[in-house]
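Worksheet: one structure, shown below.
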Amino acid sequence: AVTGTTVRELSLSSLINCLFVLTGQAQGSIWLDEVSCNGTESRLSECNSSGIGQHDCSHWEDAGVVCSDDFVLRLVNSQQILKEGQNVSEGRLEVYHGGIWGTICDDAWTFQDAQVACRQLGFSGAFEHTTRAQFGQGVGQIWMDQVYCLGDETDLSQCAFAGWGNEDCSHYEDAGVICVYPNITLPPVLPLRLAGGGSSGRVEVFYNDTWGTVCDDLFTLKDAQIACRQLGYVGAVSFSQNAAYGSGQGPIWLDNVRCRGLEAGLSQCVNNGIGVHNCYHYEDVGVECSDDSSAVFPEFRIRLAGSDNSWEGRVEVFYNDTWGTVCDDAWDIQDANVVCQELGYRAAYRATQRANFGAGTGPIWLDDVQCLGTEKNLSDCSSVGLGLHNCFHSEDAGVVCERTEVSLPTRLVGGAGSHEGRVEVFYNETWGTVCDDAWNFLDATVVCKQIGFSRAISALSYAAFGIGTASQPIWLDQVRCNGTEADLLLCSHEQIGTHDCQHTEDASVVCSQQDIPAVRLTGSANEWEGTVEIENKGVWGTVCAEEWTSAEADVVCYQLGYPGASRTAREGEFGQGSGDVVLGNVICQGYESYLSECSHDPFGFISNPSCSHRMDAGVVCNNNGLDVPVRLVGGNTSYSGRVEVYYSEMWGTVCDDYWSQADARVVCTMLGYSSIGARAVGSATFGSATGPIWLDDVQCDGYEEELADCVRSDFSEHNCRHTEDAGVICLSNSPVDYTHSVRLSDGGVDYDGRVEVQLSGESTWGTVCGYRFTYADAIIVCKQLGYQAVSQFSTNTVFRSNSDPTIESLGCVGNEDEISECDIQRSGSSSTCGSSQAGVACTQYVPSRYPVRLTAGTYRDGTVEVFYQGKWGTVCADQWNTPDADVICKQMGFPGSSRAVTSSSQYVDYSVPVWLGGVSCGGNELHITDCPNDGWGSSSCDYYLQAGVTCEPERYPIRLTGGASDNMGTVEIYVNGTWGLVCDDSWGIADGLVACRQLGYPSVSAAFSENRISHGGTTPIFMDDLACVGDEMLLSNCQFSGFGNHNCVVQEAAGLK
């Protein structure tokens, strides 16, 4: 709306650089409403509007502008979203640069970036940052990508970003913001009541001397929170729709209510306007309010992080399944007291600010916390509301609690001995139990050590040793230890006595009665190698090497936390150990966790008189520099077995929930085997273990350096049993002699063609029936041939032979290592195969953790760039040669390179960093980062030595035909000398993106279907059921049904723009 005060008609040049802002209320008439300009008008009166003086606005909606010649932002919303009640404080961000409006890509887009953008737009800050074109896709230019703000900038252009127009995005990645209202006059807070009295009822608003209702359209729990807080409650437990508390009478005052969470009353939330609605009273909304913070915030709990000491750290809050921090605005000793007392300490020593224990990550859940000091929980204290703040993680609050904790003596009850039983703790002169919520092996470890045992064997739930008495309190719940605490009280837990449990959930433990003798390595400057020494009753001595093999060496290394031994030590390699020779005749199987678990003579008794310090055993452990080592146990080879990880000085297993081939690839790579052909198995295939289950819900990409780097649960957080132990089968590094041979024929390359099999003992090769050929069969064929994956398979290959198939079915499941393990059926007289023949195209193309691209050339030649730490950089050509270029081209999906550019002055770009130097590939690596190199950013290369390549033309080129311009048309692919169509079944934006990239365009504007663009009616159809991920470089790298394999007609041809 534009007010009746003088409106200056702005010229186009000044209007382009104007921001819409909220500038306070005017008086007088409101002349314009629903103004809609396209940006080309020279006067405001030329824009569309509802008509002079026609409006439904109040002066608190007055519009304003700030004009500037500098960097300009604007927010864009669709008309549909505006009608739903949203306003100009949220939308898609657009930047004006070089005379053109363009969008911002959401790559690396964060809340701190949104804060800067909102302040630049005149708001006090950001409420939320949005991604994936939440406010609709823009068109045309994408100006900014990889934006990185510190948060204190006044202008988005002051933040680091990839450079104007330097992006690799599509408009479905457009970034947006939801900004927080500035300090302007908001609508008045109208009185509120709950009809029916009490803390729940129908919401009613008082306006114009009349009580009216609120419509339930768009109403959410966030709106209910505002209503309940306006009424003086802590918050809302729930809200109800469809007149759950009865239909009201009179007017319906509010509709389409949408609160931000900062409003003082419901009437200040965005809405249609007083009395403007399209509702009936059967849509009246109701709420249930409460003063009980545990009811309002049922998941709310706290912990301390960022310190090795349990009594101090950064305060973190768990809410909405996510840990977040607390802002230090108004943070003082009374707030800290509440935190410390909730965690079981007497009081706080001090409150800390400015991220004293390091900056956290994730959401900032609380701000402006103001406790009286008498509250039981932090959630009882006053704050601006969960998730509402104007802070950065550099302002994270912390506490230091007094270490004079209440002592919690602990005992075990109900077991067969003192080493096992129900866990009970002594507090307030009474023994009480511990609830099994979140109870795990780390908690059991603390209990066992606290009562004098060396370690835990198991952590048990569901009152395994009987339930506590009815009169017994449950003192602790939600116990979360890291395993190093000296007392159960030092672990994270709910406030003592606070729980939601029954005695049927009493926690129990079983402790080890065996004292585990420690081992150590001496005589070397390296901690992973040396003479083996073992402790017995406080005295150290050596081990006789009379039967010393790799199995015994492995167990020593396991006990010390390494994934195994590289080798046994040579005699005298690390010198003589100290003390006496105390252990002899040691014989291990290789799967034991401790040397003392192996067969051996009694300590101090040496049966072999030859044992002396000249025969002291030694080992060199496998020091791969891993923080969390892995090993394989229970397999019949060194490259297969149950996966175990070493954590908190113990080996434990991995649960098979979500266990996949990508996870297996990481494990095999950690152990020195190839990631190719790695196979994941579950259900305790290699036997059930005992002891802890350390990891669950592991979800790797396949390129992580360690299993612990993958997405996963916290250590010891699981819902599994050892019958779900995960395992892997890696490919041996030794050559494999396959029982049956397989090859691909007539495709012109070794990875594509007709499938042929030579059965063991036969001299002839035969084809495979295409009618019964499956994707699982194709996987095993490619695996046996040494390829990583299947690009496509065909049940009626174009690479046909003249003879009928001799193999009716391969019968593979998909988890075999070679075709001899499949259920092969020969063709017989009753064959239904006909002349159909199987074909397959294998690939080593696997999306890389560090993508590559070619710039300053065409889609298959140019300067090589690698993506690392959010930025593209070049590769130095100081050792650049053909094998290096081959790896780049194959990584991008091309057959190989025809030229390695060693001095690419024709492609030089001085605006990007040099990421890699000293690259020396063998030519068979999957990715350029697999090749030996100097390390990220370590090169001192001159820019004129930037590496470049020219890749061989793709085997299956594509083109666009029949369009009105070169950049649009029907997609056609060239196969076996003929151009053919792509069927639109499953055709989508990801497929279009790959096709556009192959054609040399940076992105896709639209993916058409159902013959939107004309083409020849007799053209063959070569591809169907495409399923591109979107990062492939060639359309033929995507999974599809196989060339010529389709169920389409030409009217279903796929098209692009």
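A note on labels: chains of the structure tokens are A, B, ... as shown, every chain counts residues from 1, and ligands are counted from 1 in their shown order.
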
So that I can check the surroundings of segment 690-695 of chain A, please list as a ChimeraX atom specification every protein, DNA and RNA residue that reaches within 8 Å of it, counting only C-alpha atoms and ignoring chain neighbours fewer than 2 positions away. /A:441,456-458,645,647,651-655,688,697-698,712-718,720-722

Selected residues written out, N, CA, C and O atoms, as an mmCIF file, in the first residue's frame:
data_model
loop_
_atom_site.group_PDB
_atom_site.id
_atom_site.type_symbol
_atom_site.label_atom_id
_atom_site.label_comp_id
_atom_site.auth_asym_id
_atom_site.auth_seq_id
_atom_site.Cartn_x
_atom_site.Cartn_y
_atom_site.Cartn_z
ATOM 1 N N PHE A 441 26.301 -49.925 26.887
ATOM 2 C CA PHE A 441 27.514 -50.554 27.380
ATOM 3 C C PHE A 441 28.443 -49.553 28.071
ATOM 4 O O PHE A 441 29.147 -49.901 29.021
ATOM 5 N N ALA A 456 33.008 -54.089 31.879
ATOM 6 C CA ALA A 456 31.651 -54.628 31.773
ATOM 7 C C ALA A 456 31.604 -55.712 30.709
ATOM 8 O O ALA A 456 32.342 -55.662 29.718
ATOM 9 N N ILE A 457 30.733 -56.682 30.912
ATOM 10 C CA ILE A 457 30.482 -57.696 29.890
ATOM 11 C C ILE A 457 29.211 -57.364 29.120
ATOM 12 O O ILE A 457 29.152 -57.509 27.904
ATOM 13 N N SER A 458 28.176 -56.881 29.826
ATOM 14 C CA SER A 458 26.939 -56.538 29.129
ATOM 15 C C SER A 458 26.142 -55.520 29.931
ATOM 16 O O SER A 458 26.275 -55.414 31.149
ATOM 17 N N VAL A 645 34.987 -52.531 15.654
ATOM 18 C CA VAL A 645 35.680 -51.247 15.773
ATOM 19 C C VAL A 645 36.216 -51.112 17.193
ATOM 20 O O VAL A 645 35.645 -51.655 18.145
ATOM 21 N N TYR A 647 36.987 -48.820 20.315
ATOM 22 C CA TYR A 647 36.580 -47.548 20.923
ATOM 23 C C TYR A 647 36.553 -47.726 22.429
ATOM 24 O O TYR A 647 36.188 -48.789 22.943
ATOM 25 N N TRP A 651 37.048 -53.585 21.828
ATOM 26 C CA TRP A 651 36.518 -53.916 20.499
ATOM 27 C C TRP A 651 35.025 -54.191 20.624
ATOM 28 O O TRP A 651 34.569 -54.853 21.557
ATOM 29 N N GLY A 652 34.254 -53.668 19.695
ATOM 30 C CA GLY A 652 32.810 -53.891 19.668
ATOM 31 C C GLY A 652 32.322 -53.996 18.237
ATOM 32 O O GLY A 652 33.061 -53.706 17.286
ATOM 33 N N THR A 653 31.079 -54.381 18.056
ATOM 34 C CA THR A 653 30.564 -54.671 16.720
ATOM 35 C C THR A 653 29.780 -53.504 16.143
ATOM 36 O O THR A 653 29.599 -52.466 16.776
ATOM 37 N N VAL A 654 29.304 -53.717 14.916
ATOM 38 C CA VAL A 654 28.491 -52.740 14.191
ATOM 39 C C VAL A 654 27.166 -53.409 13.860
ATOM 40 O O VAL A 654 27.142 -54.541 13.363
ATOM 41 N N CYS A 655 26.054 -52.734 14.140
ATOM 42 C CA CYS A 655 24.738 -53.284 13.829
ATOM 43 C C CYS A 655 24.474 -53.179 12.328
ATOM 44 O O CYS A 655 24.930 -52.234 11.671
ATOM 45 N N SER A 688 27.847 -64.373 16.006
ATOM 46 C CA SER A 688 27.479 -63.312 16.953
ATOM 47 C C SER A 688 28.615 -63.077 17.935
ATOM 48 O O SER A 688 29.194 -64.031 18.462
ATOM 49 N N ASP A 697 23.066 -47.794 12.528
ATOM 50 C CA ASP A 697 22.545 -46.871 11.507
ATOM 51 C C ASP A 697 23.672 -46.208 10.730
ATOM 52 O O ASP A 697 23.638 -45.001 10.446
ATOM 53 N N VAL A 698 24.702 -46.973 10.389
ATOM 54 C CA VAL A 698 25.830 -46.443 9.609
ATOM 55 C C VAL A 698 25.369 -46.215 8.170
ATOM 56 O O VAL A 698 24.794 -47.111 7.545
ATOM 57 N N ARG A 712 26.029 -41.779 11.257
ATOM 58 C CA ARG A 712 25.840 -42.941 12.138
ATOM 59 C C ARG A 712 25.246 -42.473 13.457
ATOM 60 O O ARG A 712 25.123 -41.275 13.713
ATOM 61 N N SER A 713 24.885 -43.437 14.281
ATOM 62 C CA SER A 713 24.469 -43.118 15.640
ATOM 63 C C SER A 713 25.696 -42.764 16.478
ATOM 64 O O SER A 713 26.837 -42.994 16.058
ATOM 65 N N ASP A 714 25.469 -42.206 17.658
ATOM 66 C CA ASP A 714 26.569 -42.014 18.598
ATOM 67 C C ASP A 714 27.081 -43.378 19.054
ATOM 68 O O ASP A 714 26.359 -44.379 19.009
ATOM 69 N N PHE A 715 28.329 -43.417 19.488
ATOM 70 C CA PHE A 715 28.892 -44.670 19.972
ATOM 71 C C PHE A 715 28.004 -45.254 21.074
ATOM 72 O O PHE A 715 27.614 -44.553 22.013
ATOM 73 N N SER A 716 27.704 -46.534 20.924
ATOM 74 C CA SER A 716 26.921 -47.319 21.875
ATOM 75 C C SER A 716 25.438 -46.993 21.856
ATOM 76 O O SER A 716 24.674 -47.586 22.614
ATOM 77 N N GLU A 717 24.990 -46.075 20.991
ATOM 78 C CA GLU A 717 23.563 -45.801 20.834
ATOM 79 C C GLU A 717 23.018 -46.743 19.769
ATOM 80 O O GLU A 717 23.341 -46.631 18.589
ATOM 81 N N HIS A 718 22.172 -47.707 20.160
ATOM 82 C CA HIS A 718 21.656 -48.672 19.187
ATOM 83 C C HIS A 718 20.401 -49.307 19.721
ATOM 84 O O HIS A 718 20.043 -49.158 20.896
ATOM 85 N N CYS A 720 19.852 -52.807 18.847
ATOM 86 C CA CYS A 720 20.202 -54.056 18.165
ATOM 87 C C CYS A 720 20.623 -55.137 19.147
ATOM 88 O O CYS A 720 20.913 -54.881 20.321
ATOM 89 N N ARG A 721 20.688 -56.362 18.629
ATOM 90 C CA ARG A 721 21.278 -57.498 19.321
ATOM 91 C C ARG A 721 22.433 -58.023 18.488
ATOM 92 O O ARG A 721 22.570 -57.689 17.305
ATOM 93 N N HIS A 722 23.247 -58.870 19.082
ATOM 94 C CA HIS A 722 24.405 -59.376 18.346
ATOM 95 C C HIS A 722 24.021 -60.303 17.195
ATOM 96 O O HIS A 722 24.878 -60.617 16.354
#

Backbone DSSP call of strand (DSSP E or B) for segment 369-612 of chain A, listed as an MDAnalysis selection string: chainID A and resid 370 382 396 398:401 410:414 420:427 430:435 456:460 474:476 480 492 506 508:511 519:522 529:536 539:544 565:568 581:583 587 599

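The smallest atom-to-atom distance between Ser794 of chain A and any of A:Ser89, A:Asn377, A:Asn1045, A:Gln699, using only C-alpha atoms, is found for A:Asn1045.
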
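Note that atom CA of His97 of chain A and atom CA of Ala117 of chain A are 15.5 Å apart.
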
Who sits within 7 Å of Phe799 of chain A, only C-alpha atoms, same chain under 4 positions skipped, as a PyMOL selection string: chain A and resi 746-747+753-754

Tell me, as a PDB file with N, CA, C and O atoms, in the first residue's frame, which residues lie within 6 Å of Ser683 of chain A, counting only C-alpha atoms; anything in the same chain fewer than 6 positions away does not count.
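result04.pdb was written with the following content:
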ATOM      1  N   THR A 723      22.764 -60.715  17.127  1.00  0.00           N
ATOM      2  CA  THR A 723      22.307 -61.457  15.947  1.00  0.00           C
ATOM      3  C   THR A 723      22.235 -60.564  14.720  1.00  0.00           C
ATOM      4  O   THR A 723      22.010 -61.049  13.613  1.00  0.00           O
ATOM      5  N   GLU A 724      22.436 -59.249  14.913  1.00  0.00           N
ATOM      6  CA  GLU A 724      22.426 -58.293  13.800  1.00  0.00           C
ATOM      7  C   GLU A 724      23.825 -57.761  13.498  1.00  0.00           C
ATOM      8  O   GLU A 724      23.961 -56.719  12.852  1.00  0.00           O
ATOM      9  N   ASP A 725      24.873 -58.446  13.947  1.00  0.00           N
ATOM     10  CA  ASP A 725      26.232 -57.973  13.695  1.00  0.00           C
ATOM     11  C   ASP A 725      26.522 -57.918  12.195  1.00  0.00           C
ATOM     12  O   ASP A 725      26.232 -58.857  11.451  1.00  0.00           O
TER      13      ASP A 725
END

Might you pull out every residue within 8 Å of Asp823 of chain A, with only C-alpha atoms counted and same-chain residues fewer than 6 positions away left off, and present them as a count of residues only? 4

Those of segment 44-250 of chain A in DSSP alpha helix (DSSP H), formatted as a PyMOL selection string: chain A and resi 79-83+111-120+221-230

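Here atom CA of Asp436 of chain A stands at a distance of 10.6 Å from atom CA of His499 of chain A.
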
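Across the structure, atom CA of Tyr1001 of chain A and atom CA of Glu1052 of chain A are spaced 23.8 Å apart.
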